[in-house]
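First up is the structure itself, then whatever we jot down about it.
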Amino acid sequence: MRYQDPDGRQGAEAELAIGLDLFELLQRFAQGYRPGVADVQGQQLALSVFKNRLASVPYQEVLLTAHGHDLRRVHRTPDHALHMEDLSAVSGDGDEEETWR
């Protein structure tokens with residue numbers, strides 16, 4: 001898995017090699033698994049490095065979720081207002097959105 005900054009900023013990229021062991025660990029996380037000491041020391045180190053690299057890249061939006069459900073998107077507009085929209089809502093009137101300044 002690779003992230004590259006769409007604006008091409010130097011150092012704004014992160015990469016994670018997903019081998020079979022890590023893939024299985026990620027699948028177990030998705031099913032609610034809590035890692036033991038052995039997992040924390042091994043595969044989770046690679047995940048932490050990847051997460052920290054991503055955290056150092058400037059971004060304008062994040063997706064929030066609890067256990068992969070109830071997605072919400074928080075994004076910043078050019079006027080610096082934050083907006084949160086519920087991506088899991090199904091409504092005929094469009095997405096519900098909240099704004100903060």
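Scheme for the structure tokens: letters A, B, ... for chains in order shown; per-chain residue numbers from 1; ligand numbers from 1 in order shown.
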Point to revise | Contact residues around Arg73 (chain A) with only C-alpha atoms at 7 Å, ignoring same-chain residues under 5 positions, as a PyMOL selection string | key: chain A and resi 61-64+84-87
Point to revise | For Gln4 (chain A): contacts at 7 Å, only C-alpha atoms, fewer than 6 positions along chain excluded, given as a list in words | key: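 These residues fall inside the cut-off: Ala12, Glu13 and Ala14 of chain A.
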Practice item. Write out as a list in words each polymer residue whose atoms come within 10 Å of Arg76 (chain A), counting only C-alpha atoms; drop sequence neighbours fewer than 2 positions from it. Key: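 Skipping anything fewer than 2 positions along the chain leaves Tyr59, Gln60, Glu61, Val62, Val74, Pro78, Asp79, His80, Ala81, Leu82, His83, Met84, Thr99, Trp100 and Arg101 of chain A.
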Practice item. List the neighbours of region 39-53 of chain A out to 12 Å using only C-alpha atoms; skip same-chain residues closer than 6 positions along the sequence, and give me the result as a list of chain:residue names. Key: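 My list of contacting residues is A:Met1, A:Arg2, A:Tyr3, A:Gln4, A:Asp5, A:Gly11, A:Ala12, A:Glu13, A:Ala14, A:Glu15, A:Leu16, A:Ala17, A:Ile18, A:Gly19, A:Leu20, A:Asp21, A:Leu22, A:Phe23, A:Glu24, A:Leu25, A:Leu26, A:Arg28, A:Phe29, A:Tyr33.
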Take the selection from the previous step and output its residues with N, CA and C atoms, as a compact mmCIF listing (two decimals), in the first residue's frame.
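Written file, selection.txt:
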# COMPACT_ATOMS: atom_id res chain seq x y z
N MET A 1 0.87 -1.15 0.00
CA MET A 1 0.00 0.00 0.00
C MET A 1 0.91 1.21 0.00
N ARG A 2 0.56 2.18 -0.83
CA ARG A 2 1.40 3.37 -0.95
C ARG A 2 0.54 4.63 -0.99
N TYR A 3 1.00 5.66 -0.28
CA TYR A 3 0.37 6.98 -0.34
C TYR A 3 1.40 7.95 -0.88
N GLN A 4 1.01 8.74 -1.88
CA GLN A 4 1.84 9.84 -2.37
C GLN A 4 0.99 11.10 -2.37
N ASP A 5 1.57 12.17 -1.88
CA ASP A 5 0.86 13.44 -1.81
C ASP A 5 0.47 13.89 -3.22
N GLY A 11 8.85 14.24 0.60
CA GLY A 11 8.71 13.52 1.86
C GLY A 11 7.28 13.23 2.28
N ALA A 12 6.31 13.62 1.45
CA ALA A 12 4.91 13.41 1.80
C ALA A 12 4.42 12.11 1.17
N GLU A 13 5.02 11.01 1.59
CA GLU A 13 4.60 9.71 1.11
C GLU A 13 4.82 8.67 2.20
N ALA A 14 4.09 7.60 2.10
CA ALA A 14 4.21 6.50 3.07
C ALA A 14 3.96 5.20 2.31
N GLU A 15 4.64 4.15 2.74
CA GLU A 15 4.50 2.87 2.06
C GLU A 15 4.46 1.75 3.09
N LEU A 16 3.62 0.77 2.85
CA LEU A 16 3.50 -0.38 3.73
C LEU A 16 3.42 -1.63 2.88
N ALA A 17 4.38 -2.53 3.08
CA ALA A 17 4.36 -3.82 2.39
C ALA A 17 3.43 -4.75 3.17
N ILE A 18 2.43 -5.28 2.49
CA ILE A 18 1.45 -6.13 3.16
C ILE A 18 1.71 -7.57 2.75
N GLY A 19 2.41 -8.29 3.61
CA GLY A 19 2.64 -9.71 3.41
C GLY A 19 1.46 -10.51 3.96
N LEU A 20 1.54 -11.82 3.81
CA LEU A 20 0.44 -12.67 4.26
C LEU A 20 0.19 -12.53 5.77
N ASP A 21 1.25 -12.50 6.57
CA ASP A 21 1.09 -12.37 8.02
C ASP A 21 0.38 -11.07 8.41
N LEU A 22 0.79 -9.97 7.78
CA LEU A 22 0.17 -8.69 8.08
C LEU A 22 -1.27 -8.66 7.57
N PHE A 23 -1.53 -9.22 6.41
CA PHE A 23 -2.89 -9.30 5.87
C PHE A 23 -3.80 -10.05 6.84
N GLU A 24 -3.34 -11.19 7.34
CA GLU A 24 -4.13 -11.96 8.29
C GLU A 24 -4.36 -11.18 9.58
N LEU A 25 -3.34 -10.46 10.05
CA LEU A 25 -3.49 -9.65 11.26
C LEU A 25 -4.52 -8.55 11.04
N LEU A 26 -4.48 -7.89 9.89
CA LEU A 26 -5.47 -6.84 9.59
C LEU A 26 -6.88 -7.42 9.53
N ARG A 28 -7.93 -9.99 11.21
CA ARG A 28 -8.31 -10.28 12.60
C ARG A 28 -8.70 -8.99 13.33
N PHE A 29 -7.97 -7.88 13.06
CA PHE A 29 -8.33 -6.58 13.64
C PHE A 29 -9.75 -6.20 13.23
N TYR A 33 -10.23 -8.37 16.95
CA TYR A 33 -9.09 -8.96 17.65
C TYR A 33 -8.28 -7.90 18.38
**Study point:** Every residue of chain A that DSSP places in strand (DSSP E or B), as an NGL selection string
**Key:** :A and (2-4 or 13-15 or 61-66 or 69-76 or 82-86 or 97-100)
Within 7 Å of Asp70 (chain A) using only C-alpha atoms, minus same-chain residues under 4 positions, as a CSV table (one decimal) with C-alpha atoms, in the first residue's frame:
chain,number,residue,atom,x,y,z
A,65,THR,CA,-15.6,5.2,11.8
A,66,ALA,CA,-16.2,2.8,14.7
A,88,SER,CA,-23.4,6.1,6.0
Practice item. Apply DSSP to the backbone of this structure and, from chain A, keep only the residues in alpha helix (DSSP H); write these as an MDAnalysis selection string. Key: chainID A and resid 20:30 37:41 43:55
For the residues in the current selection, export N, CA, C and O atoms as a compact mmCIF listing (two decimals), in the first residue's frame.
# COMPACT_ATOMS: atom_id res chain seq x y z
N LEU A 20 1.54 -11.82 3.81
CA LEU A 20 0.44 -12.67 4.26
C LEU A 20 0.19 -12.53 5.77
O LEU A 20 -0.95 -12.44 6.20
N ASP A 21 1.25 -12.50 6.57
CA ASP A 21 1.09 -12.37 8.02
C ASP A 21 0.38 -11.07 8.41
O ASP A 21 -0.52 -11.07 9.25
N LEU A 22 0.79 -9.97 7.78
CA LEU A 22 0.17 -8.69 8.08
C LEU A 22 -1.27 -8.66 7.57
O LEU A 22 -2.16 -8.15 8.26
N PHE A 23 -1.53 -9.22 6.41
CA PHE A 23 -2.89 -9.30 5.87
C PHE A 23 -3.80 -10.05 6.84
O PHE A 23 -4.90 -9.61 7.14
N GLU A 24 -3.34 -11.19 7.34
CA GLU A 24 -4.13 -11.96 8.29
C GLU A 24 -4.36 -11.18 9.58
O GLU A 24 -5.46 -11.20 10.14
N LEU A 25 -3.34 -10.46 10.05
CA LEU A 25 -3.49 -9.65 11.26
C LEU A 25 -4.52 -8.55 11.04
O LEU A 25 -5.37 -8.30 11.90
N LEU A 26 -4.48 -7.89 9.89
CA LEU A 26 -5.47 -6.84 9.59
C LEU A 26 -6.88 -7.42 9.53
O LEU A 26 -7.83 -6.79 10.00
N GLN A 27 -7.03 -8.61 8.96
CA GLN A 27 -8.34 -9.27 8.92
C GLN A 27 -8.83 -9.56 10.34
O GLN A 27 -10.01 -9.38 10.65
N ARG A 28 -7.93 -9.99 11.21
CA ARG A 28 -8.31 -10.28 12.60
C ARG A 28 -8.70 -8.99 13.33
O ARG A 28 -9.63 -8.97 14.13
N PHE A 29 -7.97 -7.88 13.06
CA PHE A 29 -8.33 -6.58 13.64
C PHE A 29 -9.75 -6.20 13.23
O PHE A 29 -10.53 -5.69 14.04
N ALA A 30 -10.09 -6.42 11.97
CA ALA A 30 -11.42 -6.08 11.47
C ALA A 30 -12.51 -6.87 12.17
O ALA A 30 -13.65 -6.43 12.24
N VAL A 37 1.20 -9.60 22.96
CA VAL A 37 2.56 -9.05 23.00
C VAL A 37 3.33 -9.41 21.74
O VAL A 37 4.03 -8.57 21.17
N ALA A 38 3.21 -10.64 21.25
CA ALA A 38 3.95 -11.06 20.06
C ALA A 38 3.53 -10.25 18.84
O ALA A 38 4.38 -9.85 18.03
N ASP A 39 2.24 -10.00 18.69
CA ASP A 39 1.76 -9.20 17.56
C ASP A 39 2.22 -7.76 17.66
O ASP A 39 2.57 -7.14 16.66
N VAL A 40 2.20 -7.22 18.84
CA VAL A 40 2.61 -5.83 19.05
C VAL A 40 4.07 -5.65 18.66
O VAL A 40 4.43 -4.68 18.01
N GLN A 41 4.90 -6.59 19.01
CA GLN A 41 6.33 -6.48 18.74
C GLN A 41 6.66 -6.70 17.27
O GLN A 41 7.62 -6.15 16.77
N GLN A 43 4.32 -7.42 13.69
CA GLN A 43 3.61 -6.76 12.60
C GLN A 43 3.10 -5.38 12.97
O GLN A 43 3.03 -4.49 12.12
N GLN A 44 2.73 -5.18 14.22
CA GLN A 44 2.17 -3.89 14.57
C GLN A 44 3.21 -2.77 14.50
O GLN A 44 2.86 -1.61 14.33
N LEU A 45 4.48 -3.11 14.60
CA LEU A 45 5.52 -2.10 14.45
C LEU A 45 5.47 -1.51 13.03
O LEU A 45 5.55 -0.29 12.86
N ALA A 46 5.31 -2.37 12.02
CA ALA A 46 5.21 -1.88 10.65
C ALA A 46 3.98 -0.99 10.49
O ALA A 46 4.05 0.05 9.82
N LEU A 47 2.88 -1.36 11.11
CA LEU A 47 1.67 -0.53 11.04
C LEU A 47 1.88 0.83 11.72
O LEU A 47 1.43 1.85 11.23
N SER A 48 2.59 0.84 12.84
CA SER A 48 2.84 2.09 13.56
C SER A 48 3.70 3.03 12.75
O SER A 48 3.45 4.24 12.70
N VAL A 49 4.72 2.50 12.09
CA VAL A 49 5.59 3.33 11.26
C VAL A 49 4.80 3.93 10.12
O VAL A 49 4.89 5.13 9.84
N PHE A 50 3.97 3.11 9.46
CA PHE A 50 3.14 3.59 8.36
C PHE A 50 2.17 4.67 8.84
O PHE A 50 2.03 5.73 8.22
N LYS A 51 1.53 4.42 9.98
CA LYS A 51 0.57 5.39 10.53
C LYS A 51 1.27 6.71 10.88
O LYS A 51 0.75 7.79 10.60
N ASN A 52 2.46 6.64 11.45
CA ASN A 52 3.19 7.86 11.81
C ASN A 52 3.62 8.65 10.57
O ASN A 52 3.60 9.88 10.58
N ARG A 53 4.02 7.94 9.51
CA ARG A 53 4.37 8.62 8.26
C ARG A 53 3.15 9.34 7.69
O ARG A 53 3.24 10.47 7.23
N LEU A 54 1.99 8.66 7.71
CA LEU A 54 0.77 9.29 7.22
C LEU A 54 0.39 10.50 8.06
O LEU A 54 -0.07 11.51 7.55
N ALA A 55 0.59 10.39 9.38
CA ALA A 55 0.22 11.49 10.28
C ALA A 55 1.07 12.73 10.04
O ALA A 55 0.65 13.84 10.35
